[in-house]
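Visitor: The file below is coords02.txt, compact mmCIF, C-alpha atoms:
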# COMPACT_ATOMS: atom_id res chain seq x y z
CA MET A 253 -7.79 11.04 23.95
CA THR A 254 -8.37 12.87 20.72
CA LEU A 255 -7.15 13.47 17.22
CA VAL A 256 -3.43 13.75 17.99
CA LEU A 257 -2.34 14.66 14.46
CA ASN A 258 -4.07 16.48 11.58
CA ARG A 259 -1.93 15.59 8.60
CA ILE A 260 -1.80 16.49 4.92
CA ASP A 261 -0.08 13.65 3.08
CA ASP A 262 -0.68 12.85 -0.58
CA ARG A 263 0.30 9.22 0.00
CA LEU A 264 -2.49 9.01 2.61
CA ILE A 265 -1.91 5.76 4.54
CA HIS A 266 1.70 4.60 4.25
CA GLY A 267 4.72 3.62 6.35
CA GLN A 268 5.40 6.99 8.00
CA VAL A 269 1.78 7.34 9.06
CA VAL A 270 1.15 3.79 10.26
CA VAL A 271 4.55 3.01 11.78
CA GLY A 272 6.36 6.35 12.16
CA TRP A 273 3.51 8.19 13.90
CA GLY A 274 1.07 5.39 14.60
CA GLN A 275 3.27 3.31 16.89
CA PRO A 276 4.73 5.99 19.21
CA LEU A 277 1.36 7.73 19.53
CA ASP A 278 -0.46 4.41 20.07
CA VAL A 279 -2.89 5.39 17.32
CA ARG A 280 -6.00 3.20 17.16
CA PHE A 281 -7.88 4.88 14.35
CA ILE A 282 -7.30 6.96 11.25
CA VAL A 283 -9.97 9.31 9.89
CA LEU A 284 -9.18 9.41 6.18
CA VAL A 285 -10.91 12.33 4.49
CA ASP A 286 -10.85 12.19 0.71
CA ASP A 287 -13.78 12.53 -1.65
CA LEU A 288 -12.45 10.05 -4.23
CA VAL A 289 -11.48 7.38 -1.71
CA ALA A 290 -14.76 7.77 0.18
CA ALA A 291 -16.66 7.08 -3.05
CA SER A 292 -14.76 3.89 -3.98
CA ASP A 293 -15.06 0.55 -2.19
CA TRP A 294 -11.93 -0.66 -3.94
CA GLU A 295 -9.87 2.29 -2.67
CA LYS A 296 -11.22 1.86 0.85
CA GLU A 297 -10.28 -1.80 0.87
CA LEU A 298 -6.78 -0.94 -0.39
CA TYR A 299 -6.15 1.44 2.51
CA ARG A 300 -7.82 -0.80 5.06
CA MET A 301 -5.43 -3.61 4.17
CA GLY A 302 -2.46 -1.32 4.77
CA VAL A 303 -3.00 -0.94 8.50
CA PRO A 304 -2.35 -3.38 11.36
CA PRO A 305 -5.36 -5.17 12.88
CA GLU A 306 -5.48 -2.95 16.00
CA MET A 307 -5.92 0.17 13.85
CA GLU A 308 -9.27 1.13 12.36
CA VAL A 309 -9.77 3.36 9.31
CA ARG A 310 -12.88 5.51 8.92
CA PHE A 311 -13.54 7.07 5.54
CA HIS A 312 -15.38 10.30 4.85
CA SER A 313 -15.80 12.91 2.16
CA ALA A 314 -14.77 16.43 3.21
CA ALA A 315 -18.40 17.49 3.63
CA GLU A 316 -19.23 14.45 5.77
CA ALA A 317 -16.14 14.71 7.94
CA ALA A 318 -16.37 18.27 9.26
CA PRO A 319 -19.44 17.81 11.50
CA ARG A 320 -18.11 14.47 12.81
CA LEU A 321 -14.71 15.65 14.03
CA ASP A 322 -15.93 16.73 17.47
CA THR A 323 -17.20 13.20 18.05
CA TYR A 324 -13.86 11.75 17.00
CA ARG A 325 -12.15 14.09 19.48
CA THR A 326 -14.01 12.39 22.34
CA GLU A 327 -12.88 8.85 21.41
CA PRO A 328 -11.06 7.04 24.24
CA HIS A 329 -8.01 6.28 22.05
CA PRO A 330 -5.73 8.52 19.97
CA GLY A 331 -6.45 8.96 16.29
CA ILE A 332 -4.98 10.64 13.19
CA LEU A 333 -6.93 12.87 10.82
CA LEU A 334 -5.55 12.49 7.32
CA THR A 335 -6.19 14.36 4.07
CA GLY A 336 -4.47 13.96 0.72
CA ASP A 337 -4.47 17.65 -0.17
CA ILE A 338 -4.47 21.16 1.24
CA ALA A 339 -7.97 22.06 0.02
CA THR A 340 -9.57 19.23 2.02
CA MET A 341 -7.68 20.20 5.18
CA ARG A 342 -8.70 23.81 4.63
CA GLU A 343 -12.36 22.69 4.73
CA LEU A 344 -11.74 20.92 8.03
CA VAL A 345 -10.02 24.00 9.49
CA LEU A 346 -12.96 26.14 8.37
CA HIS A 347 -15.80 23.82 9.37
CA GLY A 348 -14.32 21.08 11.58
CA GLY A 349 -12.45 22.98 14.27
CA VAL A 350 -8.95 21.87 13.24
CA ARG A 351 -6.38 24.20 14.85
CA GLU A 352 -3.05 22.49 14.12
CA VAL A 353 -2.02 21.23 10.71
CA ASN A 354 0.91 18.93 10.00
CA VAL A 355 2.27 19.07 6.44
CA GLY A 356 3.58 15.52 6.20
CA GLY A 357 4.09 14.93 2.51
CA ILE A 358 3.21 16.77 -0.69
CA HIS A 359 5.46 15.20 -3.24
CA HIS A 360 6.97 16.08 -6.58
CA ARG A 361 4.61 16.71 -9.46
CA ALA A 362 4.89 18.86 -12.60
CA GLY A 363 4.47 22.55 -11.77
CA ARG A 364 5.50 22.19 -8.12
CA ARG A 365 8.62 23.72 -6.58
CA GLN A 366 10.59 22.00 -3.81
CA TYR A 367 10.60 23.44 -0.29
CA LEU A 368 11.65 20.43 1.75
CA ARG A 369 12.67 16.87 0.91
CA TYR A 370 9.02 15.91 1.27
CA VAL A 371 7.21 19.16 0.39
CA PHE A 372 6.71 20.43 -3.16
CA LEU A 373 4.13 23.14 -3.84
CA THR A 374 2.62 25.06 -6.75
CA ALA A 375 2.16 28.80 -6.26
CA ASP A 376 -1.55 28.17 -5.63
CA GLU A 377 -0.79 25.52 -3.00
CA GLN A 378 1.66 27.85 -1.28
CA ARG A 379 -1.09 30.47 -1.10
CA ALA A 380 -3.59 27.88 0.12
CA LEU A 381 -1.29 26.91 3.01
CA ARG A 382 -0.93 30.57 4.00
CA GLU A 383 -4.72 30.84 3.91
CA VAL A 384 -5.02 27.87 6.26
CA ALA A 385 -2.64 29.64 8.65
CA ALA A 386 -4.60 32.89 8.28
CA LEU A 387 -7.73 31.01 9.35
CA GLY A 388 -6.05 30.48 12.69
CA ALA A 389 -4.40 27.07 12.33
CA LEU A 390 -0.80 26.48 13.38
CA VAL A 391 0.80 25.03 10.23
CA THR A 392 4.10 23.17 10.49
CA ALA A 393 5.93 20.68 8.29
CA GLN A 394 7.20 17.46 9.86
CA ASP A 395 7.46 14.08 8.13
CA VAL A 396 8.16 11.90 11.19
CA PRO A 397 8.00 12.46 14.98
CA ALA A 398 11.79 12.46 15.37
CA ALA A 399 12.13 15.40 12.98
CA ARG A 400 11.72 19.06 13.96
CA ALA A 401 8.37 20.70 13.24
CA ILE A 402 9.24 23.48 10.78
CA PRO A 403 6.98 26.55 10.95
CA LEU A 404 5.19 27.36 7.67
CA GLU A 405 6.97 30.64 6.97
CA GLU A 406 10.39 29.11 7.65
CA MET A 407 9.60 26.33 5.19
CA LEU A 408 8.37 28.73 2.51
CA ALA A 409 11.43 30.96 3.02
CA SER A 410 13.75 27.97 2.53
CA GLY A 411 12.14 27.36 -0.86
CA GLU A 412 12.54 30.98 -1.87
CA VAL A 413 16.25 30.91 -0.98
CA GLY A 414 16.73 27.72 -2.99
CA SER A 415 14.96 28.97 -6.10
CA MET B 134 12.50 -4.43 -5.65
CA ALA B 135 10.96 -1.18 -4.45
CA GLY B 136 11.28 0.26 -0.97
CA HIS B 137 11.90 3.10 1.42
CA ALA B 138 15.04 5.28 1.31
CA ASP B 139 18.02 3.13 0.12
CA PHE B 140 16.50 -0.20 1.14
CA ALA B 141 16.15 -1.52 -2.43
CA ALA B 142 19.67 -0.59 -3.55
CA GLY B 143 21.09 -1.91 -0.27
CA VAL B 144 19.38 -5.29 -0.31
CA VAL B 145 20.06 -5.80 -4.04
CA SER B 146 23.76 -5.01 -3.48
CA ALA B 147 23.76 -7.70 -0.77
CA VAL B 148 22.18 -10.20 -3.21
CA GLU B 149 24.89 -9.32 -5.75
CA LEU B 150 27.67 -9.78 -3.19
CA ILE B 151 26.40 -13.17 -2.03
CA THR B 152 25.21 -14.72 -5.30
CA GLY B 153 26.44 -12.61 -8.20
CA HIS B 154 22.82 -12.49 -9.39
CA GLY B 155 21.94 -8.97 -8.29
CA ASP B 156 21.17 -8.25 -11.95
CA ARG B 157 18.04 -10.39 -11.68
CA LEU B 158 16.54 -7.64 -9.54
CA ILE B 159 15.85 -4.00 -10.37
CA PRO B 160 16.20 -1.71 -7.35
CA ILE B 161 13.68 1.14 -7.38
CA GLN B 162 13.96 4.17 -5.12
CA VAL B 163 11.06 6.56 -4.74
CA HIS B 164 12.48 9.50 -2.80
CA GLY B 165 10.13 12.48 -2.96
CA LEU B 166 7.60 10.95 -5.37
CA CYS B 167 3.84 11.12 -4.89
CA GLY B 168 1.78 7.92 -5.09
CA GLU B 169 0.84 8.47 -8.73
CA ASP B 170 4.47 8.97 -9.73
CA ILE B 171 5.51 5.81 -7.89
CA GLN B 172 2.82 3.90 -9.76
CA ALA B 173 3.97 5.39 -13.08
CA LEU B 174 7.59 4.48 -12.31
CA LEU B 175 6.68 0.88 -11.46
CA ARG B 176 4.53 0.64 -14.58
CA GLU B 177 7.41 1.89 -16.72
CA ARG B 178 9.89 -0.59 -15.23
CA LEU B 179 7.47 -3.50 -15.71
CA ALA B 180 6.98 -2.53 -19.35
CA GLU B 181 10.73 -2.13 -19.97
CA THR B 182 11.84 -5.34 -18.30
CA GLY B 183 8.86 -7.70 -18.44
CA ALA B 184 9.34 -8.31 -14.72
CA ARG B 185 6.71 -10.64 -13.25
CA VAL B 186 7.29 -10.07 -9.53
CA ILE B 187 7.30 -6.86 -7.49
CA PHE B 188 8.98 -7.07 -4.10
CA THR B 189 8.29 -4.30 -1.56
CA ASP B 190 9.51 -3.71 1.98
CA LEU B 191 6.54 -2.59 4.06
CA GLN B 192 2.95 -3.77 3.78
CA ALA B 193 1.51 -0.28 4.38
CA GLY B 194 4.27 1.45 2.41
CA SER B 195 3.61 3.71 -0.54
CA CYS B 196 5.41 1.34 -2.94
CA THR B 197 3.13 -1.49 -1.85
CA MET B 198 0.06 0.68 -2.27
CA ALA B 199 1.20 1.77 -5.74
CA ALA B 200 1.97 -1.84 -6.71
CA ARG B 201 -1.43 -3.02 -5.51
CA ARG B 202 -3.06 -0.48 -7.79
CA LEU B 203 -0.99 -1.80 -10.71
CA LEU B 204 -2.11 -5.37 -10.08
CA ARG B 205 -5.59 -4.38 -11.24
CA ASP B 206 -4.43 -4.25 -14.86
CA HIS B 207 -1.28 -6.41 -14.52
CA THR B 208 -2.96 -9.68 -13.60
CA GLN B 209 0.16 -11.66 -14.49
CA VAL B 210 2.27 -9.87 -11.85
CA VAL B 211 2.75 -11.11 -8.27
CA LEU B 212 3.34 -8.63 -5.44
CA VAL B 213 5.33 -9.70 -2.38
CA SER B 214 5.55 -7.35 0.62
CA GLY B 215 7.70 -7.68 3.75
CA THR B 216 10.77 -8.53 1.67
CA ASN B 217 13.97 -9.56 3.43
CA LEU B 218 17.39 -10.70 2.25
CA PRO B 219 16.81 -14.48 2.63
CA MET B 220 13.70 -14.09 0.46
CA LEU B 221 15.57 -12.42 -2.38
CA LEU B 222 18.46 -14.89 -2.18
CA ASP B 223 16.02 -17.78 -2.50
CA PHE B 224 14.27 -16.05 -5.41
CA VAL B 225 17.35 -15.32 -7.52
CA MET B 226 18.75 -18.83 -6.94
CA SER B 227 15.43 -20.54 -7.64
CA SER B 228 14.96 -23.18 -10.31
CA ALA B 229 11.18 -23.01 -10.03
CA PRO B 230 9.35 -23.22 -13.38
CA SER B 231 7.94 -19.70 -13.19
CA PRO B 232 8.77 -16.42 -11.42
CA HIS B 233 5.44 -16.73 -9.61
CA ASP B 234 6.34 -20.13 -8.18
CA ALA B 235 9.79 -18.83 -7.27
CA ALA B 236 8.27 -15.86 -5.46
CA ARG B 237 5.82 -17.96 -3.47
CA ALA B 238 8.55 -20.43 -2.46
CA ALA B 239 10.81 -17.51 -1.49
CA VAL B 240 8.13 -16.14 0.83
CA GLU B 241 8.01 -19.43 2.73
CA ARG B 242 11.81 -19.56 2.89
CA ALA B 243 11.94 -16.01 4.23
CA ARG B 244 9.43 -16.78 6.97
CA SER B 245 11.50 -19.71 8.19
CA ALA B 246 14.69 -17.60 8.19
CA ILE B 247 13.48 -15.28 10.97
CA ALA B 248 14.62 -16.09 14.52
CA ALA B 249 15.77 -14.45 17.76
CA TYR B 250 18.72 -15.87 19.73
CA GLY B 251 20.16 -15.26 23.22
CA GLY B 252 19.22 -12.54 25.70
CA PRO B 253 17.54 -13.04 29.08
CA ALA B 254 14.99 -15.85 29.24
Let me see the file written as structure tokens.

Guide:
Amino acid sequence: MTLVLNRIDDRLIHGQVVVGWGQPLDVRFIVLVDDLVAASDWEKELYRMGVPPEMEVRFHSAAEAAPRLDTYRTEPHPGILLTGDIATMRELVLHGGVREVNVGGIHHRAGRRQYLRYVFLTADEQRALREVAALGALVTAQDVPAARAIPLEEMLASGEVGS
Amino acid sequence: MAGHADFAAGVVSAVELITGHGDRLIPIQVHGLCGEDIQALLRERLAETGARVIFTDLQAGSCTMAARRLLRDHTQVVLVSGTNLPMLLDFVMSSAPSPHDAARAAVERARSAIAAYGGPA
């Protein structure tokens, strides 16, 4: 199997990831790529305690993760690649061979505009997502498996209509 | 009581219906909030109300993660995850000397209230 989902989600490990995606995809490991989390034992322990015993979490900084992704793709069980922001995923598209990106949750914060119930973006973040797509990755938004995967441009257009 | 979608409001309304003590719980909904905002919201509610127990629904949920971060500087607060209705009923009806004792007793009560009946053997 391989990395079955490459997800941007600012909540990192939470219910939708562990239960919503993790159970139907029989996910056995999560590669969590975040510079701050990777540098903090306390943060790592927090996220490790959030997953069931059959699921393993591996932590990396963005720089560490990119060269390791090919190895993760040869693991016998399915895994999820998870970043907390667009910039980190962009690095993994550029240097780690990621070709499909799932926008799973970028939530409300000052300066962000709403595009979907679970996607809020600043103008810079909107541009960054388009850049990721321009690098050759298929970018869609989808919070849970039962929902439709919404193509990037459709999502961005829905925000423009609503503004 | 913080949880996914309308879980908190729903379970607190059930506590109110059954005991009339729904006002002992504060339902918190976190639709569309990032982890930091959830943490800020919980922090605000704790400061406003002096609550000593945070109940959450799912162990890996974002409310639980946010609450666990808060525990670092709220050492007097107890966090309980996996909340169900029997747990909250036991908690609001408790005569335990402290909210912490009430919460711990409610966890045990909730565990014993889970069962499956019928179906093929």

Visitor: Find the residues in chain B near chain A: any atom within 7 Å counts, using only C-alpha atoms. Write them as a PyMOL selection string.

Guide: chain B and resi 165-168+191-195

Visitor: So the first atom is atom CA of B:Asn217 and the second is atom CA of B:Ala199; what is the distance between them in Å, to one decimal place?

Guide: 19.4 Å

Visitor: I'd like the interatomic distance between atom CA of B:Leu222 and atom CA of B:Thr152, to a tenth of an Å.

Guide: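 Here the two named atoms are 7.4 Å from each other.
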
Visitor: What is the distance, in Å and to one decimal place, between atom CA of A:Glu352 and atom CA of A:Val256?

Guide: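 Computing the Euclidean distance for atom CA of A:Glu352 and atom CA of A:Val256 yields 9.6 Å.
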
Visitor: Might you pull out every residue within 8 Å of A:Pro403, with only C-alpha atoms counted and same-chain residues fewer than 4 positions away left off, and present them as a PDB file with C-alpha atoms, in the coordinates of the input?

Guide:
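Writing the result to out.pdb gives the following:
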ATOM      1  CA  VAL A 391       0.800  25.030  10.230  1.00  0.00           C
ATOM      2  CA  THR A 392       4.100  23.170  10.490  1.00  0.00           C
ATOM      3  CA  ALA A 393       5.930  20.680   8.290  1.00  0.00           C
ATOM      4  CA  MET A 407       9.600  26.330   5.190  1.00  0.00           C
TER       5      MET A 407
END

Visitor: Which is closest to B:Ala141 among B:Cys196, B:Ala254, B:Ala239, B:Leu174, if we use only C-alpha atoms?

Guide: B:Cys196

Visitor: Which of these, A:Val384, A:Ile260, A:Val309, A:Ile332, has the shortest distance to A:Asp278 once you count only C-alpha atoms?

Guide: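 Nearest candidate to A:Asp278 out of A:Val384, A:Ile260, A:Val309, A:Ile332: A:Ile332.
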
Visitor: When you look at B:Glu149 with a cut-off of 12 Å (counting all atoms listed in the file), what residues show up, excluding the ones that are within fewer than 3 positions of it in the same chain? I need them as a VMD selection string.

Guide: chain B and resid 142 to 146 152 to 160 218 221 to 222 225 to 226

Visitor: Nearest residue to A:Leu346 out of A:Ala385, A:Ala375, A:Ala290, A:Leu334, using all atoms listed in the file?

Guide: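 Closest to A:Leu346 of all the choices is A:Ala385.
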
Visitor: From the options A:Asn354, A:Ser292, A:Gln378, A:Gln394, which residue's atoms come nearest to A:Leu333, counting all atoms listed in the file?

Guide: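 Among the listed residues, the smallest separation from A:Leu333 belongs to A:Asn354.
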
Visitor: Just want the 8 Å neighbourhood of A:Asp286, counted on only C-alpha atoms, with same-chain residues fewer than 3 positions away dropped. Output as a ChimeraX atom specification.

Guide: /A:289-290,311-314,335-336,340

Visitor: Go ahead and write the selection's residues with C-alpha atoms as a PDB file, keeping the file's coordinate frame.

Guide:
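Final file, again.pdb:
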ATOM      1  CA  VAL A 289     -11.480   7.380  -1.710  1.00  0.00           C
ATOM      2  CA  ALA A 290     -14.760   7.770   0.180  1.00  0.00           C
ATOM      3  CA  PHE A 311     -13.540   7.070   5.540  1.00  0.00           C
ATOM      4  CA  HIS A 312     -15.380  10.300   4.850  1.00  0.00           C
ATOM      5  CA  SER A 313     -15.800  12.910   2.160  1.00  0.00           C
ATOM      6  CA  ALA A 314     -14.770  16.430   3.210  1.00  0.00           C
ATOM      7  CA  THR A 335      -6.190  14.360   4.070  1.00  0.00           C
ATOM      8  CA  GLY A 336      -4.470  13.960   0.720  1.00  0.00           C
ATOM      9  CA  THR A 340      -9.570  19.230   2.020  1.00  0.00           C
TER      10      THR A 340
END

Visitor: Tell me which of B:Pro230, B:Met220, B:Tyr250, B:Arg205 sits closest to B:Val148, counting all atoms listed in the file.

Guide: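 Among B:Pro230, B:Met220, B:Tyr250, B:Arg205, it is B:Met220 that comes nearest to B:Val148.
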
Visitor: Please determine, counting all atoms listed in the file, which residue among B:Ile171, B:Ala180, B:Met134, B:Ala238 has the shortest atom-to-atom distance to B:Gly215.

Guide: B:Met134

Visitor: Give me the residues near A:Val345 as a ChimeraX atom specification, where near means some atom within 10 Å (using all atoms listed in the file) and where sequence neighbours in that chain fewer than 2 positions away do not count.

Guide: /A:258,318,339-343,347-353,384-385,387-389
